[in-house]
Structures are given as structure tokens and as C-alpha cells.
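Printed here is structure.csv (CSV, C-alpha atoms):
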chain,number,residue,atom,x,y,z
M,34,MET,CA,-57.9,-49.1,-13.0
M,35,THR,CA,-54.2,-50.1,-12.8
M,36,LEU,CA,-51.2,-47.9,-13.3
M,37,GLN,CA,-50.5,-49.6,-16.7
M,38,GLN,CA,-54.1,-49.1,-17.9
M,39,GLN,CA,-54.1,-45.5,-17.0
M,40,LEU,CA,-50.8,-44.8,-18.8
M,41,GLU,CA,-52.0,-46.8,-21.8
M,42,ASN,CA,-55.1,-44.6,-21.9
M,43,VAL,CA,-52.9,-41.6,-22.2
M,44,LEU,CA,-51.0,-43.1,-25.1
M,45,GLN,CA,-54.1,-44.4,-26.9
M,46,ALA,CA,-55.4,-40.8,-26.8
M,47,GLY,CA,-52.4,-39.8,-28.9
M,48,ASN,CA,-50.4,-38.2,-26.0
M,49,LYS,CA,-47.2,-38.9,-24.3
M,50,ALA,CA,-47.1,-39.5,-20.5
M,51,PHE,CA,-45.7,-36.7,-18.3
M,52,VAL,CA,-44.9,-37.7,-14.7
M,53,PRO,CA,-43.5,-35.1,-12.3
M,54,TYR,CA,-41.5,-36.1,-9.3
M,55,ILE,CA,-42.2,-34.3,-6.1
M,56,MET,CA,-40.5,-34.7,-2.7
M,57,ALA,CA,-43.3,-35.3,-0.2
M,58,GLY,CA,-43.2,-32.8,2.7
M,59,ASP,CA,-40.7,-30.4,1.1
M,60,GLY,CA,-42.2,-27.2,2.6
M,61,GLY,CA,-44.2,-29.2,5.1
M,62,LEU,CA,-46.8,-32.0,4.8
M,63,ALA,CA,-49.5,-29.4,4.4
M,64,THR,CA,-48.2,-28.6,0.9
M,65,LEU,CA,-48.7,-32.1,-0.3
M,66,LYS,CA,-52.4,-31.8,-1.1
M,67,PRO,CA,-52.4,-28.5,-2.9
M,68,THR,CA,-49.3,-29.5,-4.9
M,69,ILE,CA,-50.8,-32.9,-6.1
M,70,LEU,CA,-54.2,-31.3,-6.9
M,71,LYS,CA,-52.6,-28.5,-8.9
M,72,LEU,CA,-50.4,-30.9,-10.9
M,73,GLN,CA,-53.4,-33.0,-11.5
M,74,GLN,CA,-55.3,-29.9,-12.8
M,75,LEU,CA,-52.4,-29.2,-15.1
M,76,GLY,CA,-53.0,-32.5,-16.8
M,77,VAL,CA,-50.0,-34.6,-15.7
M,78,SER,CA,-50.4,-38.4,-16.3
M,79,ALA,CA,-49.3,-39.6,-12.9
M,80,ILE,CA,-47.2,-38.2,-10.0
M,81,GLU,CA,-44.1,-39.8,-8.5
M,82,VAL,CA,-44.1,-39.1,-4.8
M,83,GLY,CA,-40.7,-39.3,-3.3
M,84,ILE,CA,-40.3,-40.2,0.4
M,85,PRO,CA,-37.5,-38.4,2.3
M,86,PHE,CA,-34.7,-40.8,3.4
M,87,THR,CA,-31.6,-40.3,5.3
M,88,ASP,CA,-29.3,-42.2,3.0
M,89,PRO,CA,-30.6,-41.9,-0.6
M,90,VAL,CA,-28.4,-43.7,-3.2
M,91,ALA,CA,-30.1,-42.5,-6.4
M,92,ASP,CA,-30.8,-38.8,-5.6
M,93,GLY,CA,-28.8,-35.9,-7.0
M,94,PRO,CA,-28.1,-32.8,-4.9
M,95,VAL,CA,-31.5,-31.0,-5.6
M,96,ILE,CA,-33.6,-34.0,-4.5
M,97,GLU,CA,-31.3,-34.9,-1.7
M,98,GLN,CA,-31.6,-31.3,-0.3
M,99,ALA,CA,-35.4,-31.5,-0.7
M,100,GLY,CA,-35.4,-34.7,1.3
M,101,GLU,CA,-33.3,-33.1,4.0
M,102,ARG,CA,-35.8,-30.2,4.3
M,103,ALA,CA,-38.6,-32.7,4.5
M,104,LEU,CA,-36.9,-34.8,7.2
M,105,LYS,CA,-36.3,-31.7,9.2
M,106,SER,CA,-40.0,-31.1,9.1
M,107,GLY,CA,-40.5,-34.6,10.6
M,108,VAL,CA,-41.9,-36.2,7.5
M,109,THR,CA,-42.0,-40.0,7.4
M,110,LEU,CA,-43.4,-42.6,5.1
M,111,LYS,CA,-46.3,-43.3,7.5
M,112,LYS,CA,-47.2,-39.6,7.7
M,113,VAL,CA,-47.1,-39.2,3.9
M,114,ILE,CA,-49.4,-42.2,3.5
M,115,ALA,CA,-51.8,-40.8,6.1
M,116,GLN,CA,-51.8,-37.4,4.4
M,117,LEU,CA,-52.5,-38.9,1.0
M,118,THR,CA,-55.3,-41.0,2.4
M,119,SER,CA,-57.0,-37.8,3.8
M,120,PHE,CA,-57.7,-36.6,0.3
M,121,ALA,CA,-57.5,-39.8,-1.7
M,122,ASP,CA,-61.1,-39.3,-3.0
M,123,GLU,CA,-60.0,-36.1,-4.8
M,124,ILE,CA,-57.1,-37.8,-6.7
M,125,THR,CA,-58.0,-39.1,-10.1
M,126,ILE,CA,-54.5,-39.8,-11.5
M,127,PRO,CA,-52.2,-42.6,-10.3
M,128,LEU,CA,-49.6,-42.0,-7.6
M,129,VAL,CA,-46.3,-43.8,-7.7
M,130,VAL,CA,-44.3,-43.8,-4.5
M,131,MET,CA,-40.5,-43.8,-4.7
M,132,THR,CA,-38.9,-44.9,-1.4
M,133,TYR,CA,-36.2,-47.1,-0.2
M,134,LEU,CA,-36.5,-50.6,1.3
M,135,ASN,CA,-35.8,-49.8,5.0
M,136,PRO,CA,-38.8,-47.4,5.5
M,137,ILE,CA,-41.1,-50.1,4.0
M,138,LEU,CA,-39.7,-52.8,6.3
M,139,ALA,CA,-40.0,-50.4,9.3
M,140,TYR,CA,-43.6,-49.7,8.4
M,141,GLY,CA,-44.4,-53.4,7.9
M,142,ILE,CA,-44.7,-54.8,4.3
M,143,ASP,CA,-48.3,-55.9,4.5
M,144,ALA,CA,-49.5,-52.8,6.4
M,145,PHE,CA,-47.6,-50.5,4.0
M,146,ALA,CA,-49.2,-52.2,0.9
M,147,ARG,CA,-52.7,-52.1,2.4
M,148,ASP,CA,-52.4,-48.4,3.5
M,149,ALA,CA,-50.8,-47.4,0.3
M,150,ARG,CA,-53.7,-48.8,-1.7
M,151,LEU,CA,-56.1,-46.9,0.5
M,152,ALA,CA,-54.1,-43.7,-0.2
M,153,GLY,CA,-54.4,-44.1,-3.9
M,154,VAL,CA,-51.0,-45.4,-4.6
M,155,LYS,CA,-50.9,-47.4,-7.8
M,156,GLY,CA,-47.2,-48.0,-8.2
M,157,LEU,CA,-43.9,-48.3,-6.2
M,158,ILE,CA,-40.3,-47.7,-7.1
M,159,VAL,CA,-37.6,-49.0,-4.7
M,160,PRO,CA,-34.2,-48.1,-6.2
M,161,ASP,CA,-32.1,-49.9,-3.6
M,162,MET,CA,-33.9,-53.2,-4.0
M,163,PRO,CA,-32.2,-55.5,-6.6
M,164,TYR,CA,-34.5,-57.3,-9.0
M,165,GLU,CA,-33.4,-60.6,-7.3
M,166,GLU,CA,-34.8,-59.5,-4.0
M,167,ARG,CA,-38.2,-58.3,-5.3
M,168,ASP,CA,-40.1,-61.2,-3.8
M,169,VAL,CA,-39.5,-59.6,-0.4
M,170,ILE,CA,-42.3,-57.2,-1.1
M,171,HIS,CA,-43.9,-58.2,-4.4
M,172,PRO,CA,-46.5,-60.6,-3.1
M,173,ALA,CA,-47.9,-58.0,-0.7
M,174,LEU,CA,-48.0,-55.4,-3.5
M,175,LYS,CA,-49.7,-57.8,-5.9
M,176,GLN,CA,-52.4,-58.5,-3.4
M,177,GLN,CA,-53.2,-54.8,-3.3
M,178,ASP,CA,-52.9,-54.3,-7.1
M,179,ILE,CA,-49.8,-52.0,-6.7
M,180,ALA,CA,-47.3,-52.2,-9.6
M,181,LEU,CA,-43.7,-52.7,-8.7
M,182,VAL,CA,-41.8,-50.6,-11.3
M,183,GLN,CA,-38.3,-51.7,-12.3
M,184,LEU,CA,-35.5,-49.3,-13.3
M,185,VAL,CA,-33.4,-50.2,-16.3
M,186,SER,CA,-30.0,-48.5,-16.5
M,187,LEU,CA,-27.9,-47.7,-19.6
M,188,THR,CA,-25.3,-50.2,-18.5
M,189,SER,CA,-27.6,-53.2,-18.1
M,190,PRO,CA,-26.6,-56.0,-20.5
M,191,PRO,CA,-29.3,-57.2,-23.0
M,192,GLU,CA,-30.2,-60.3,-21.1
M,193,ARG,CA,-30.8,-58.4,-17.9
M,194,VAL,CA,-32.8,-55.7,-19.7
M,195,LYS,CA,-35.1,-58.4,-21.1
M,196,LYS,CA,-35.5,-59.9,-17.6
M,197,LEU,CA,-36.2,-56.5,-16.0
M,198,ALA,CA,-38.7,-55.6,-18.8
M,199,GLU,CA,-40.6,-58.8,-18.3
M,200,ALA,CA,-40.7,-58.3,-14.5
M,201,SER,CA,-41.6,-54.6,-14.5
M,202,GLU,CA,-45.2,-53.6,-13.8
M,203,GLY,CA,-47.0,-50.4,-14.7
M,204,PHE,CA,-44.2,-49.0,-16.8
M,205,ILE,CA,-40.5,-49.4,-17.3
M,206,TYR,CA,-38.4,-46.6,-15.7
M,207,ALA,CA,-35.6,-46.2,-18.3
M,208,VAL,CA,-32.8,-44.3,-16.8
M,209,THR,CA,-31.3,-41.9,-19.4
M,210,VAL,CA,-27.9,-41.2,-17.8
M,211,ASN,CA,-25.3,-43.0,-15.8
M,212,GLY,CA,-25.2,-41.9,-12.2
M,213,ILE,CA,-27.6,-40.0,-9.9
M,214,THR,CA,-30.6,-37.8,-10.7
M,215,GLY,CA,-30.2,-34.1,-11.6
M,216,GLU,CA,-30.3,-31.8,-14.5
M,217,ARG,CA,-28.1,-32.5,-17.5
M,218,ALA,CA,-27.1,-30.3,-20.5
M,219,SER,CA,-26.8,-33.2,-22.9
M,220,PHE,CA,-27.3,-37.0,-23.2
M,221,ALA,CA,-25.5,-39.9,-24.8
M,222,SER,CA,-25.9,-40.0,-28.6
M,223,GLN,CA,-27.0,-43.7,-28.7
M,224,LEU,CA,-30.1,-43.2,-26.6
M,225,ALA,CA,-32.5,-43.6,-29.6
M,226,GLU,CA,-31.1,-47.0,-30.3
M,227,HIS,CA,-31.2,-47.9,-26.6
M,228,PHE,CA,-34.9,-47.0,-26.3
M,229,ALA,CA,-35.8,-48.8,-29.6
M,230,SER,CA,-34.3,-52.0,-28.3
M,231,LEU,CA,-36.0,-51.5,-24.9
M,232,LYS,CA,-39.4,-51.0,-26.5
M,233,GLN,CA,-38.8,-54.2,-28.5
M,234,VAL,CA,-38.7,-56.3,-25.4
M,235,SER,CA,-41.4,-54.5,-23.4
M,236,THR,CA,-45.1,-54.9,-23.5
M,237,ILE,CA,-45.7,-52.0,-21.2
M,238,PRO,CA,-45.0,-48.2,-21.5
M,239,VAL,CA,-41.4,-47.2,-21.4
M,240,LEU,CA,-40.8,-43.8,-19.6
M,241,ALA,CA,-37.5,-41.9,-19.6
M,242,GLY,CA,-36.2,-40.4,-16.4
M,243,PHE,CA,-33.1,-38.8,-14.9
M,244,GLY,CA,-31.6,-35.5,-16.2
M,245,ILE,CA,-34.7,-34.3,-18.1
M,246,SER,CA,-35.2,-30.6,-17.3
M,247,THR,CA,-36.3,-28.6,-20.3
M,248,PRO,CA,-39.3,-28.5,-22.7
M,249,GLU,CA,-36.8,-29.5,-25.5
M,250,HIS,CA,-35.7,-32.5,-23.5
M,251,VAL,CA,-39.4,-33.5,-23.0
M,252,LYS,CA,-40.1,-33.2,-26.7
M,253,SER,CA,-36.9,-35.1,-27.7
M,254,PHE,CA,-37.5,-38.0,-25.3
M,255,GLY,CA,-41.2,-38.0,-26.3
M,256,ASP,CA,-40.1,-39.0,-29.8
M,257,ILE,CA,-38.3,-42.1,-28.6
M,258,ALA,CA,-40.1,-43.1,-25.4
M,259,ASP,CA,-43.7,-43.3,-24.2
M,260,GLY,CA,-43.2,-40.4,-21.8
M,261,VAL,CA,-40.9,-38.7,-19.4
M,262,ILE,CA,-40.4,-38.4,-15.7
M,263,VAL,CA,-39.0,-35.0,-14.5
M,264,GLY,CA,-37.6,-34.7,-11.0
M,265,SER,CA,-35.0,-32.0,-10.1
M,266,LYS,CA,-36.5,-29.3,-12.3
M,267,ILE,CA,-39.9,-29.8,-10.8
M,268,VAL,CA,-38.6,-29.9,-7.2
M,269,THR,CA,-36.7,-26.6,-7.8
M,270,ALA,CA,-39.8,-25.0,-9.5
M,271,LEU,CA,-42.0,-26.0,-6.5
M,272,LEU,CA,-39.5,-24.6,-4.1
M,273,GLU,CA,-39.6,-21.3,-6.0
M,274,ASP,CA,-43.3,-21.4,-6.5
M,275,ASP,CA,-42.5,-21.2,-10.3
M,276,TRP,CA,-45.6,-22.9,-11.8
M,277,ALA,CA,-45.0,-21.3,-15.2
M,278,THR,CA,-41.9,-23.6,-15.6
M,279,ILE,CA,-43.9,-26.6,-14.6
M,280,GLU,CA,-46.7,-25.8,-17.0
M,281,ALA,CA,-44.3,-25.3,-19.9
M,282,LEU,CA,-42.8,-28.8,-19.2
M,283,VAL,CA,-46.3,-30.4,-19.2
M,284,GLN,CA,-47.3,-28.6,-22.3
M,285,ALA,CA,-44.2,-29.8,-24.1
M,286,THR,CA,-45.5,-33.4,-24.0
M,287,LYS,CA,-48.3,-32.2,-26.3
M,288,GLN,CA,-45.7,-30.8,-28.8
M,289,VAL,CA,-43.7,-34.0,-29.4
M,290,GLY,CA,-42.3,-34.1,-32.9
M,291,SER,CA,-42.3,-30.3,-33.3
M,292,ILE,CA,-38.6,-29.8,-33.0
Render the structure in this file as C-alpha cells.
Amino acid sequence: MTLQQQLENVLQAGNKAFVPYIMAGDGGLATLKPTILKLQQLGVSAIEVGIPFTDPVADGPVIEQAGERALKSGVTLKKVIAQLTSFADEITIPLVVMTYLNPILAYGIDAFARDARLAGVKGLIVPDMPYEERDVIHPALKQQDIALVQLVSLTSPPERVKKLAEASEGFIYAVTVNGITGERASFASQLAEHFASLKQVSTIPVLAGFGISTPEHVKSFGDIADGVIVGSKIVTALLEDDWATIEALVQATKQVGSI
């Protein structure tokens, strides 16, 4: 089953999608399996698995520091894929890898796509790869049935939003703030209008990401989007072994419309 089909199943069941972001190898690669299996047990819809990178352009301080900790542990894209493969038969939800272009090129595009599929990866996000350059990796991904997810920013003009929506696979990653990832106290007032217009041009789920950090945010964005992606708050909670916070965020997707 594809990433899009699995997310649509969540929506058709009357739920909103909840996708936690984790930094692979923060705390050592040995933490990857128990973290993914526990999130899966909590009922998340998919997991975005971040790969540590020396020069991240989209990450805020929390995720950047998590990446630095992982890099110090010797974590690489190849090691993460190998680790995921070692327990792929226990993973029942889609994994979406978020990495930058250089690690994929260093791995080898065809080898990465093949190995990622074997590891259970259903989608890929490459924030430093412009839409115009997607053909560098898209054919190899398509061959392995891995969706190439496009990010849509708040500042994209309508004609580009339409182009990105048509090109995106799996879901549209709708960025909710201008700038990098990280917790925010508030969001722009015109977001409801932005998401309404985005959903009009999209035939696949639209998920909101960047800055979402509280159950109230999850419920609020659940009203205007098909689901949410939560990054920095999850990374901090995992670092502090604070599973109560993570569970509260997951549960908030089941209370959409109650605030």
C-alpha cells in the first residue's frame, strides 16, 4: 500500500493524520527501533524520520541540536537505512525519510531508493531540492514506489502552489510559518484561507507542519488540514523520555473540532 493510500485510510476512518518527526540516532541508533515501535503503538499515522546532516537549511535549533548529537554518535543515512531494514517486518505504518540531497547522492540514487524500499520507507522529503530539480531522483523513487513529497511555503504564489500540488506524492507538506522549524506561540491569521485554497488544488492529503507543538495547535490545524506533522516538540519529549506529552499530542487528533 502506498503512502497516499495509507493516509487516505486514516481520513476515511474519520480521523486526522498525526505524523511525528524524529531525528534518527539522537541517543544512538539503538534507540531507533524502540522509538518507532512505541510511536506505532500509540497510533500515529506515519513517522517522519530525519537524517542528521552537517548543514541543515530548514531545521530550527532543537532539531539542529538533535542532528548534531546524532552525528557525534556516527549516524549516517546508510546506517539508518540498515537499522530500519533490520526490523522492517515489525513496522506497519509508513515511514517518510527527511534528508538532504547530498547524502542521497553520496549513497547512490538507485541504491538508496532500492534500500529505502526494503527498509519500509514509503515517502521522501528533500527540503534543499527545488521542484525544478526533482527529476534527479524522482525516476529512481518511482521505480521503488516511494513518494516524493513537496513542501509548499506560505509565500509561494498561486501558480507555483498549483504546480507543487500537482507534483507532490503521498501528501502535501504545507509549511505553516515563514522560516525554519521550531515551536511557535502563534500563527498568521490567514492560515484557514491558505489551507482552503491549497485543498482546492490538491487531490492528495494536505498536512500542516512547522511550529506545531501543543494539543491546541493539533486540534486547530486538524480543523483546516488533513493532519499535522510535529517535530521539535516530539524531539524534545523523546530526549526527556516524556511520553505523556507525545501521547497527549497524538490524542489531540481524535478531538478535532472540540475547541
Using all atoms listed in the file, I'd like a table of the residues in stretch 90-156 of chain M that come within 6 Å of stretch 52-68 of chain M; for each, show the closest atom pair and its distance in Å rounded to one decimal, ordered by chain and ascending number, as a Markdown table.
| residue | atom | partner | partner_atom | distance |
| --- | --- | --- | --- | --- |
| M:Ala99 | CA | M:Asp59 | CA | 5.7 |
| M:Arg102 | CA | M:Asp59 | CA | 5.9 |
| M:Ala103 | CA | M:Asp59 | CA | 4.6 |
Would you list the contacts of stretch 173-187 of chain M as a ChimeraX atom specification, taking every protein, DNA or RNA residue within 7 Å and counting all atoms listed in the file, but skipping same-chain residues closer than 5 positions in sequence? /M:36,142-143,146-147,150,155-158,194,197,201-211
Output C-alpha atoms for every residue in that selection, as a short mmCIF file (atom, residue, chain, number, x, y, z; two decimals), in the coordinates of the input.
data_model
loop_
_atom_site.label_atom_id
_atom_site.label_comp_id
_atom_site.auth_asym_id
_atom_site.auth_seq_id
_atom_site.Cartn_x
_atom_site.Cartn_y
_atom_site.Cartn_z
CA LEU M 36 -51.20 -47.90 -13.30
CA ILE M 142 -44.70 -54.80 4.30
CA ASP M 143 -48.30 -55.90 4.50
CA ALA M 146 -49.20 -52.20 0.90
CA ARG M 147 -52.70 -52.10 2.40
CA ARG M 150 -53.70 -48.80 -1.70
CA LYS M 155 -50.90 -47.40 -7.80
CA GLY M 156 -47.20 -48.00 -8.20
CA LEU M 157 -43.90 -48.30 -6.20
CA ILE M 158 -40.30 -47.70 -7.10
CA VAL M 194 -32.80 -55.70 -19.70
CA LEU M 197 -36.20 -56.50 -16.00
CA SER M 201 -41.60 -54.60 -14.50
CA GLU M 202 -45.20 -53.60 -13.80
CA GLY M 203 -47.00 -50.40 -14.70
CA PHE M 204 -44.20 -49.00 -16.80
CA ILE M 205 -40.50 -49.40 -17.30
CA TYR M 206 -38.40 -46.60 -15.70
CA ALA M 207 -35.60 -46.20 -18.30
CA VAL M 208 -32.80 -44.30 -16.80
CA THR M 209 -31.30 -41.90 -19.40
CA VAL M 210 -27.90 -41.20 -17.80
CA ASN M 211 -25.30 -43.00 -15.80
#
Neighbours of point (-39.0, -30.9, -21.9) within 9 Å, using all atoms listed in the file, written as JSON, numbers by chain: {"M": [245, 246, 247, 248, 249, 250, 251, 252, 253, 254, 255, 261, 263, 281, 282, 283, 284, 285, 286]}
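Atom CA of M:Pro127 sits 6.7 Å away from atom CA of M:Ile80.
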Identify which of the residues M:Pro238, M:Gly153, M:Pro172, M:Pro191 lies closest to M:Glu41, counting only C-alpha atoms when measuring atom-to-atom distances.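 For M:Glu41, the nearest of the candidates is M:Pro238.
Our summary of the geometry notes that atom CA of M:Leu72 is positioned 10.5 Å from atom CA of M:Ile124.
The closest residue to M:Pro160, picked from M:Val289, M:Leu117, M:Val43, M:Ile84 and counting all atoms listed in the file, is M:Ile84.
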Among the residues M:Ala277, M:Ala152, M:Glu166, M:Leu240, the one that comes closest to M:Phe51 [using only C-alpha atoms]: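 Answer, going by the shortest atom-to-atom distance: M:Leu240.
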Between atom CA of M:Val159 and atom CA of M:Glu101, what is the distance, to one decimal in Å? 18.6 Å
Identify, on the basis of only C-alpha atoms, every residue whose closest approach to M:Leu70 does not exceed 10 Å; exclude the query and any residue fewer than 5 positions from it along the same chain; express the result as a PyMOL selection string. chain M and resi 65+75+120+123-126
Best match for closeness to M:Lys287 among M:Gln37, M:Tyr133, M:Lys266, M:Asp256, counting all atoms listed in the file: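 Of all the options, M:Asp256 lies closest to M:Lys287.
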Of the residues M:Asp259, M:Glu280, M:Asp92, M:Glu192, which is the one nearest to M:Asp161, using only C-alpha atoms? M:Asp92
Name the closest residue to M:Asn135 among the candidates M:Thr87, M:Gln98, M:Ser119, M:Ser235; distances are taken between atoms, counting all atoms listed in the file.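 Counting all atoms listed in the file, the residue closest to M:Asn135 is M:Thr87.
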